[in-house]
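The data block below is start_37.txt; it holds compact mmCIF, N, CA, C and O atoms.
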```txt
# COMPACT_ATOMS: atom_id res chain seq x y z
N MET J 12 -13.23 4.27 32.08
CA MET J 12 -12.08 3.41 32.29
C MET J 12 -11.02 3.78 31.25
O MET J 12 -11.30 3.89 30.08
N ASN J 13 -9.76 4.00 31.72
CA ASN J 13 -8.73 4.35 30.75
C ASN J 13 -8.29 3.12 29.97
O ASN J 13 -8.59 1.99 30.32
N ASP J 14 -7.57 3.36 28.88
CA ASP J 14 -7.18 2.27 27.97
C ASP J 14 -6.35 1.20 28.67
O ASP J 14 -6.54 0.02 28.45
N PHE J 15 -5.38 1.64 29.50
CA PHE J 15 -4.52 0.66 30.15
C PHE J 15 -5.30 -0.22 31.11
O PHE J 15 -5.13 -1.44 31.12
N SER J 16 -6.16 0.36 31.92
CA SER J 16 -6.91 -0.46 32.87
C SER J 16 -7.89 -1.38 32.13
O SER J 16 -8.14 -2.50 32.57
N HIS J 17 -8.40 -0.92 30.99
CA HIS J 17 -9.27 -1.77 30.18
C HIS J 17 -8.51 -2.98 29.65
O HIS J 17 -8.98 -4.11 29.72
N LEU J 18 -7.29 -2.75 29.13
CA LEU J 18 -6.47 -3.85 28.64
C LEU J 18 -6.05 -4.77 29.78
O LEU J 18 -6.04 -6.00 29.62
N ASP J 19 -5.72 -4.20 30.91
CA ASP J 19 -5.34 -4.99 32.07
C ASP J 19 -6.51 -5.87 32.52
O ASP J 19 -6.33 -7.05 32.83
N ASN J 20 -7.70 -5.32 32.51
CA ASN J 20 -8.90 -6.07 32.86
C ASN J 20 -9.13 -7.21 31.86
O ASN J 20 -9.41 -8.34 32.26
N LEU J 21 -8.99 -6.91 30.58
CA LEU J 21 -9.15 -7.95 29.56
C LEU J 21 -8.11 -9.05 29.74
O LEU J 21 -8.43 -10.24 29.66
N ALA J 22 -6.86 -8.67 29.98
CA ALA J 22 -5.80 -9.67 30.17
C ALA J 22 -6.10 -10.56 31.37
O ALA J 22 -5.90 -11.78 31.31
N ALA J 23 -6.59 -9.98 32.44
CA ALA J 23 -6.95 -10.78 33.63
C ALA J 23 -8.07 -11.76 33.29
O ALA J 23 -8.03 -12.93 33.71
N ARG J 24 -9.05 -11.30 32.54
CA ARG J 24 -10.15 -12.19 32.14
C ARG J 24 -9.67 -13.30 31.22
O ARG J 24 -10.14 -14.43 31.29
N VAL J 25 -8.71 -12.98 30.33
CA VAL J 25 -8.14 -13.99 29.44
C VAL J 25 -7.45 -15.05 30.28
O VAL J 25 -7.60 -16.25 30.03
N ARG J 26 -6.68 -14.62 31.28
CA ARG J 26 -5.98 -15.57 32.14
C ARG J 26 -6.95 -16.48 32.88
O ARG J 26 -6.60 -17.60 33.24
N GLN J 27 -8.16 -16.01 33.10
CA GLN J 27 -9.18 -16.83 33.75
C GLN J 27 -9.90 -17.74 32.77
O GLN J 27 -10.77 -18.51 33.15
N GLY J 28 -9.55 -17.64 31.49
CA GLY J 28 -10.10 -18.53 30.49
C GLY J 28 -11.34 -18.04 29.77
O GLY J 28 -12.01 -18.81 29.11
N GLU J 29 -11.63 -16.76 29.84
CA GLU J 29 -12.82 -16.23 29.18
C GLU J 29 -12.55 -16.05 27.68
O GLU J 29 -11.74 -15.23 27.27
N TRP J 30 -13.26 -16.82 26.87
CA TRP J 30 -13.10 -16.76 25.42
C TRP J 30 -13.48 -15.41 24.85
O TRP J 30 -12.83 -14.91 23.94
N GLU J 31 -14.52 -14.80 25.39
CA GLU J 31 -14.96 -13.51 24.88
C GLU J 31 -13.88 -12.46 25.10
O GLU J 31 -13.64 -11.61 24.24
N ALA J 32 -13.23 -12.51 26.26
CA ALA J 32 -12.16 -11.56 26.54
C ALA J 32 -10.98 -11.80 25.61
O ALA J 32 -10.35 -10.86 25.13
N ALA J 33 -10.66 -13.07 25.34
CA ALA J 33 -9.56 -13.40 24.42
C ALA J 33 -9.87 -12.86 23.03
O ALA J 33 -9.01 -12.26 22.38
N ASP J 34 -11.10 -13.04 22.59
CA ASP J 34 -11.48 -12.52 21.27
C ASP J 34 -11.36 -11.00 21.22
O ASP J 34 -10.87 -10.44 20.24
N ARG J 35 -11.80 -10.34 22.27
CA ARG J 35 -11.74 -8.87 22.30
C ARG J 35 -10.29 -8.39 22.33
O ARG J 35 -9.93 -7.43 21.65
N LEU J 36 -9.46 -9.08 23.11
CA LEU J 36 -8.05 -8.71 23.16
C LEU J 36 -7.38 -8.91 21.80
O LEU J 36 -6.60 -8.07 21.36
N HIS J 37 -7.76 -9.98 21.10
CA HIS J 37 -7.27 -10.20 19.74
C HIS J 37 -7.64 -9.02 18.86
O HIS J 37 -6.79 -8.51 18.11
N GLN J 38 -8.87 -8.59 18.93
CA GLN J 38 -9.34 -7.49 18.09
C GLN J 38 -8.57 -6.21 18.37
O GLN J 38 -8.34 -5.41 17.46
N LEU J 39 -8.19 -6.01 19.62
CA LEU J 39 -7.50 -4.78 19.99
C LEU J 39 -6.01 -4.79 19.64
O LEU J 39 -5.48 -3.76 19.22
N ILE J 40 -5.35 -5.93 19.82
CA ILE J 40 -3.90 -5.92 19.63
C ILE J 40 -3.46 -6.25 18.20
O ILE J 40 -2.39 -5.83 17.78
N ALA J 41 -4.25 -7.00 17.48
CA ALA J 41 -3.82 -7.44 16.14
C ALA J 41 -3.50 -6.28 15.20
O ALA J 41 -2.43 -6.26 14.60
N PRO J 42 -4.37 -5.29 15.06
CA PRO J 42 -4.04 -4.19 14.14
C PRO J 42 -2.81 -3.40 14.59
O PRO J 42 -2.02 -2.95 13.77
N GLN J 43 -2.66 -3.26 15.90
CA GLN J 43 -1.49 -2.54 16.42
C GLN J 43 -0.21 -3.32 16.18
O GLN J 43 0.84 -2.75 15.87
N MET J 44 -0.29 -4.65 16.30
CA MET J 44 0.88 -5.49 16.06
C MET J 44 1.32 -5.37 14.60
O MET J 44 2.51 -5.28 14.31
N VAL J 45 0.36 -5.37 13.69
CA VAL J 45 0.69 -5.22 12.27
C VAL J 45 1.42 -3.89 12.04
O VAL J 45 2.44 -3.83 11.36
N HIS J 46 0.91 -2.85 12.64
CA HIS J 46 1.52 -1.52 12.51
C HIS J 46 2.95 -1.52 13.06
O HIS J 46 3.88 -1.00 12.42
N LEU J 47 3.15 -2.09 14.24
CA LEU J 47 4.48 -2.14 14.86
C LEU J 47 5.47 -2.94 14.02
O LEU J 47 6.62 -2.53 13.85
N VAL J 48 5.01 -4.07 13.49
CA VAL J 48 5.88 -4.90 12.66
C VAL J 48 6.24 -4.17 11.38
O VAL J 48 7.41 -4.14 10.97
N ARG J 49 5.27 -3.58 10.74
CA ARG J 49 5.52 -2.86 9.49
C ARG J 49 6.56 -1.76 9.71
O ARG J 49 7.50 -1.60 8.93
N ARG J 50 6.41 -1.01 10.79
CA ARG J 50 7.35 0.07 11.10
C ARG J 50 8.75 -0.47 11.36
O ARG J 50 9.74 0.04 10.83
N ALA J 51 8.85 -1.52 12.16
CA ALA J 51 10.17 -2.09 12.49
C ALA J 51 10.85 -2.66 11.25
O ALA J 51 12.06 -2.48 11.07
N LEU J 52 10.10 -3.34 10.41
CA LEU J 52 10.70 -3.91 9.20
C LEU J 52 11.11 -2.82 8.21
O LEU J 52 12.10 -2.95 7.50
N ARG J 53 10.37 -1.75 8.18
CA ARG J 53 10.70 -0.64 7.27
C ARG J 53 12.01 0.03 7.69
O ARG J 53 12.84 0.36 6.87
N HIS J 54 12.19 0.21 9.01
CA HIS J 54 13.38 0.91 9.51
C HIS J 54 14.58 -0.01 9.65
O HIS J 54 15.71 0.47 9.61
N GLY J 55 14.36 -1.29 9.84
CA GLY J 55 15.45 -2.26 9.85
C GLY J 55 16.26 -2.34 11.11
O GLY J 55 16.28 -3.36 11.75
N ALA J 56 16.94 -1.30 11.49
CA ALA J 56 17.80 -1.34 12.67
C ALA J 56 16.94 -1.22 13.92
O ALA J 56 16.26 -0.22 14.12
N GLY J 57 16.96 -2.25 14.74
CA GLY J 57 16.14 -2.26 15.94
C GLY J 57 16.85 -1.66 17.12
O GLY J 57 17.74 -2.26 17.69
N SER J 58 16.47 -0.46 17.48
CA SER J 58 17.10 0.19 18.63
C SER J 58 16.39 -0.15 19.93
O SER J 58 17.01 -0.22 20.98
N SER J 59 15.10 -0.39 19.88
CA SER J 59 14.36 -0.73 21.09
C SER J 59 14.28 -2.25 21.24
O SER J 59 14.41 -2.99 20.26
N PRO J 60 14.05 -2.72 22.45
CA PRO J 60 13.88 -4.17 22.64
C PRO J 60 12.73 -4.73 21.80
O PRO J 60 12.82 -5.84 21.28
N LEU J 61 11.65 -3.96 21.64
CA LEU J 61 10.53 -4.43 20.83
C LEU J 61 10.94 -4.56 19.37
O LEU J 61 10.64 -5.57 18.72
N ASP J 62 11.65 -3.55 18.85
CA ASP J 62 12.12 -3.64 17.46
C ASP J 62 13.04 -4.83 17.28
O ASP J 62 12.96 -5.55 16.28
N GLN J 63 13.92 -5.06 18.24
CA GLN J 63 14.83 -6.19 18.16
C GLN J 63 14.07 -7.51 18.16
O GLN J 63 14.40 -8.43 17.41
N ARG J 64 13.02 -7.60 18.97
CA ARG J 64 12.21 -8.81 19.03
C ARG J 64 11.48 -9.03 17.71
O ARG J 64 11.37 -10.15 17.20
N ILE J 65 10.96 -7.96 17.13
CA ILE J 65 10.25 -8.05 15.85
C ILE J 65 11.22 -8.52 14.75
O ILE J 65 10.89 -9.40 13.97
N LEU J 66 12.40 -7.92 14.70
CA LEU J 66 13.38 -8.31 13.68
C LEU J 66 13.83 -9.75 13.86
O LEU J 66 14.01 -10.48 12.88
N ALA J 67 13.99 -10.18 15.11
CA ALA J 67 14.35 -11.57 15.37
C ALA J 67 13.25 -12.52 14.91
O ALA J 67 13.51 -13.57 14.32
N GLU J 68 12.01 -12.13 15.15
CA GLU J 68 10.88 -12.96 14.72
C GLU J 68 10.80 -13.00 13.20
O GLU J 68 10.47 -14.03 12.62
N ALA J 69 11.12 -11.90 12.55
CA ALA J 69 11.13 -11.87 11.08
C ALA J 69 12.21 -12.81 10.55
O ALA J 69 11.96 -13.57 9.60
N ARG J 70 13.39 -12.78 11.15
CA ARG J 70 14.46 -13.70 10.73
C ARG J 70 14.03 -15.15 10.92
O ARG J 70 14.25 -16.00 10.06
N GLN J 71 13.37 -15.43 12.05
CA GLN J 71 12.92 -16.80 12.33
C GLN J 71 11.83 -17.21 11.34
O GLN J 71 11.80 -18.35 10.88
N THR J 72 10.94 -16.31 11.02
CA THR J 72 9.88 -16.59 10.05
C THR J 72 10.49 -16.97 8.71
O THR J 72 10.06 -17.94 8.07
N LEU J 73 11.49 -16.22 8.28
CA LEU J 73 12.15 -16.52 7.01
C LEU J 73 12.90 -17.85 7.09
O LEU J 73 12.89 -18.63 6.14
N ALA J 74 13.53 -18.12 8.22
CA ALA J 74 14.28 -19.38 8.39
C ALA J 74 13.35 -20.59 8.45
O ALA J 74 13.76 -21.69 8.06
N ASP J 75 12.13 -20.40 8.90
CA ASP J 75 11.18 -21.50 9.01
C ASP J 75 10.60 -21.93 7.67
O ASP J 75 9.85 -22.90 7.60
N ASN J 76 10.90 -21.22 6.61
CA ASN J 76 10.39 -21.52 5.27
C ASN J 76 11.52 -21.83 4.29
O ASN J 76 11.55 -21.28 3.19
N PRO J 77 12.45 -22.74 4.63
CA PRO J 77 13.61 -22.93 3.74
C PRO J 77 13.26 -23.57 2.40
O PRO J 77 13.94 -23.31 1.40
N ASP J 78 12.22 -24.38 2.34
CA ASP J 78 11.88 -25.07 1.09
C ASP J 78 10.81 -24.34 0.28
O ASP J 78 10.44 -24.79 -0.79
N GLN J 79 10.33 -23.24 0.80
CA GLN J 79 9.28 -22.48 0.12
C GLN J 79 9.83 -21.11 -0.24
O GLN J 79 10.85 -20.67 0.27
N ARG J 80 9.12 -20.45 -1.09
CA ARG J 80 9.48 -19.06 -1.41
C ARG J 80 9.23 -18.24 -0.14
O ARG J 80 8.13 -18.27 0.42
N PRO J 81 10.25 -17.53 0.34
CA PRO J 81 10.07 -16.78 1.59
C PRO J 81 9.04 -15.67 1.43
O PRO J 81 8.96 -15.05 0.37
N PRO J 82 8.28 -15.43 2.47
CA PRO J 82 7.31 -14.34 2.40
C PRO J 82 8.04 -13.00 2.34
O PRO J 82 9.15 -12.86 2.86
N GLU J 83 7.44 -12.05 1.69
CA GLU J 83 8.03 -10.72 1.63
C GLU J 83 6.91 -9.70 1.64
O GLU J 83 5.73 -10.03 1.51
N GLY J 84 7.27 -8.46 1.84
CA GLY J 84 6.29 -7.39 1.84
C GLY J 84 5.23 -7.58 2.90
O GLY J 84 5.51 -7.93 4.04
N GLU J 85 3.99 -7.35 2.49
CA GLU J 85 2.87 -7.42 3.44
C GLU J 85 2.66 -8.83 3.97
O GLU J 85 2.23 -9.01 5.10
N ALA J 86 2.98 -9.85 3.17
CA ALA J 86 2.85 -11.24 3.65
C ALA J 86 3.79 -11.49 4.82
O ALA J 86 3.41 -12.12 5.81
N LEU J 87 4.99 -10.97 4.73
CA LEU J 87 5.94 -11.12 5.84
C LEU J 87 5.46 -10.35 7.06
O LEU J 87 5.51 -10.86 8.19
N VAL J 88 5.00 -9.14 6.85
CA VAL J 88 4.47 -8.33 7.95
C VAL J 88 3.38 -9.10 8.68
O VAL J 88 3.38 -9.21 9.91
N ARG J 89 2.43 -9.64 7.94
CA ARG J 89 1.30 -10.33 8.56
C ARG J 89 1.75 -11.61 9.28
O ARG J 89 1.25 -11.92 10.36
N GLN J 90 2.69 -12.36 8.70
CA GLN J 90 3.15 -13.58 9.36
C GLN J 90 3.89 -13.27 10.65
O GLN J 90 3.68 -13.93 11.67
N VAL J 91 4.74 -12.26 10.62
CA VAL J 91 5.48 -11.88 11.82
C VAL J 91 4.51 -11.37 12.89
O VAL J 91 4.60 -11.75 14.06
N ALA J 92 3.57 -10.53 12.50
CA ALA J 92 2.59 -10.02 13.45
C ALA J 92 1.77 -11.16 14.05
O ALA J 92 1.50 -11.18 15.26
N GLN J 93 1.39 -12.11 13.23
CA GLN J 93 0.63 -13.27 13.70
C GLN J 93 1.42 -14.05 14.74
O GLN J 93 0.91 -14.40 15.80
N ARG J 94 2.68 -14.30 14.44
CA ARG J 94 3.52 -15.07 15.36
C ARG J 94 3.70 -14.33 16.68
O ARG J 94 3.63 -14.92 17.76
N LEU J 95 3.96 -13.03 16.62
CA LEU J 95 4.15 -12.25 17.83
C LEU J 95 2.87 -12.19 18.66
O LEU J 95 2.89 -12.32 19.89
N CYS J 96 1.78 -11.99 17.99
CA CYS J 96 0.48 -11.94 18.66
C CYS J 96 0.18 -13.28 19.35
O CYS J 96 -0.21 -13.32 20.51
N ASP J 97 0.39 -14.36 18.62
CA ASP J 97 0.17 -15.69 19.19
C ASP J 97 1.05 -15.92 20.40
O ASP J 97 0.59 -16.41 21.43
N ASN J 98 2.33 -15.56 20.28
CA ASN J 98 3.25 -15.75 21.40
C ASN J 98 2.83 -14.94 22.62
O ASN J 98 2.90 -15.42 23.75
N LEU J 99 2.41 -13.73 22.39
CA LEU J 99 1.97 -12.87 23.49
C LEU J 99 0.77 -13.47 24.20
O LEU J 99 0.72 -13.55 25.43
N LEU J 100 -0.20 -13.92 23.44
CA LEU J 100 -1.42 -14.44 24.05
C LEU J 100 -1.25 -15.84 24.62
O LEU J 100 -1.98 -16.22 25.52
N ARG J 101 -0.28 -16.59 24.14
CA ARG J 101 -0.03 -17.92 24.70
C ARG J 101 0.53 -17.84 26.10
O ARG J 101 0.46 -18.79 26.85
N ARG J 102 1.12 -16.71 26.45
CA ARG J 102 1.67 -16.55 27.80
C ARG J 102 0.58 -16.57 28.86
O ARG J 102 0.85 -16.85 30.00
N ALA J 103 -0.62 -16.23 28.45
CA ALA J 103 -1.73 -16.24 29.40
C ALA J 103 -2.31 -17.66 29.44
O ALA J 103 -2.67 -18.20 28.41
N PRO J 104 -2.39 -18.27 30.61
CA PRO J 104 -2.96 -19.62 30.68
C PRO J 104 -4.39 -19.63 30.14
O PRO J 104 -5.17 -18.71 30.37
N ARG J 105 -4.72 -20.67 29.41
CA ARG J 105 -6.06 -20.85 28.86
C ARG J 105 -6.51 -19.62 28.09
O ARG J 105 -7.60 -19.11 28.26
N ALA J 106 -5.66 -19.13 27.21
CA ALA J 106 -5.91 -17.86 26.54
C ALA J 106 -6.90 -17.93 25.39
O ALA J 106 -6.97 -17.03 24.60
N GLY J 107 -7.66 -18.95 25.29
CA GLY J 107 -8.64 -18.99 24.21
C GLY J 107 -8.04 -19.51 22.94
O GLY J 107 -7.38 -20.53 22.92
N ALA J 108 -8.25 -18.78 21.85
CA ALA J 108 -7.82 -19.23 20.53
C ALA J 108 -6.72 -18.31 20.00
O ALA J 108 -6.98 -17.44 19.19
N PRO J 109 -5.46 -18.48 20.44
CA PRO J 109 -4.43 -17.54 20.05
C PRO J 109 -4.12 -17.49 18.56
O PRO J 109 -3.66 -16.49 18.07
N THR J 110 -4.38 -18.55 17.82
CA THR J 110 -4.03 -18.55 16.40
C THR J 110 -5.02 -17.74 15.58
O THR J 110 -4.83 -17.59 14.38
N ARG J 111 -6.05 -17.19 16.19
CA ARG J 111 -7.01 -16.38 15.45
C ARG J 111 -6.69 -14.90 15.56
O ARG J 111 -7.50 -14.06 15.24
N CYS J 112 -5.50 -14.57 15.99
CA CYS J 112 -5.14 -13.19 16.28
C CYS J 112 -5.41 -12.23 15.14
O CYS J 112 -5.94 -11.17 15.35
N LEU J 113 -5.09 -12.60 13.93
CA LEU J 113 -5.27 -11.69 12.80
C LEU J 113 -6.40 -12.09 11.88
O LEU J 113 -6.53 -11.55 10.79
N ALA J 114 -7.23 -12.98 12.32
CA ALA J 114 -8.28 -13.50 11.45
C ALA J 114 -9.20 -12.40 10.91
O ALA J 114 -9.61 -12.46 9.76
N ASN J 115 -9.49 -11.40 11.71
CA ASN J 115 -10.43 -10.38 11.29
C ASN J 115 -9.77 -9.04 11.02
O ASN J 115 -10.44 -8.03 10.95
N THR J 116 -8.46 -9.03 10.88
CA THR J 116 -7.74 -7.79 10.61
C THR J 116 -7.88 -7.40 9.16
O THR J 116 -7.70 -8.22 8.27
N VAL J 117 -8.18 -6.15 8.93
CA VAL J 117 -8.32 -5.64 7.57
C VAL J 117 -6.98 -5.04 7.17
O VAL J 117 -6.37 -4.30 7.92
N LEU J 118 -6.51 -5.36 5.97
CA LEU J 118 -5.26 -4.82 5.48
C LEU J 118 -5.39 -3.32 5.25
O LEU J 118 -6.40 -2.85 4.75
N ALA J 119 -4.34 -2.60 5.61
CA ALA J 119 -4.34 -1.13 5.42
C ALA J 119 -3.87 -0.79 4.02
O ALA J 119 -3.18 -1.47 3.38
```
Would you mind writing the file out in structure tokens?
Amino acid sequence: MNDFSHLDNLAARVRQGEWEAADRLHQLIAPQMVHLVRRALRHGAGSSPLDQRILAEARQTLADNPDQRPPEGEALVRQVAQRLCDNLLRRAPRAGAPTRCLANTVLA
């Protein structure tokens, strides 16, 4: 099975409410999301729609912490990736536990 059909299969199972599929999808997308966010934040200017979405989420993350010290560096990367991952998985009905997206991600 190729990677895309495997992900498509997992997404379909998540939409059906399978917790195991949601957990597996979390494991697959979380490290990639961290990588994408890190790259977009490093380059700054978002030329692609994904980069623009990441930068917008980073701005929102910073705006959501007005009374606290704003996250920076790897903390910001992880918070933005967490938010994007959660948003992506929330689109699937009964998507399991979306807030656990980065729970088992190892820092690079």
Backbone DSSP call of helix (DSSP H, G or I) for stretch 19-87 of chain J, listed as number ranges by chain: J: 19-26, 30-54, 60-74, 84-87
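Atom pair atom CA of J:Gln63 / atom O of J:Leu95 has a distance of 13.5 Å (rounded to one decimal).
The nearest approach to J:Ala41 among the residues J:Leu99, J:Ala92, J:Ala69, J:Ala86, with only N, CA, C and O atoms taken into account, belongs to J:Ala92.
Counting only N, CA, C and O atoms, the residue from J:Leu21, J:Ala51, J:Pro77, J:Asn98 that sits nearest to J:Arg35 is J:Leu21.
Each of J:Gln90, J:Gln43, J:Asn20, J:Ser59 was checked against J:Leu73 using only C-alpha atoms; the smallest atom-to-atom distance is that of J:Gln90.
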Atom N of J:Ile65 to atom O of J:Leu47, straight-line distance in Å: 7.7 Å
Output as JSON the centre and edge lengths (Å, one decimal) of the box along x, y and z of the file that holds every listed atom of stretch 65-69 of chain J after adding 6 Å on each side.
```
{"center_x": 12.3, "center_y": -11.0, "center_z": 13.4, "size_x": 16.1, "size_y": 18.1, "size_z": 19.5}
```
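Taking atom N of J:Glu68 as the reference point, atom C of J:Arg53 is found at 14.3 Å.
You can rank J:Arg101, J:Arg64, J:Arg70, J:Arg49 by their closest distance to J:Val88 using all atoms listed in the file, and at the top of that list sits J:Arg49.
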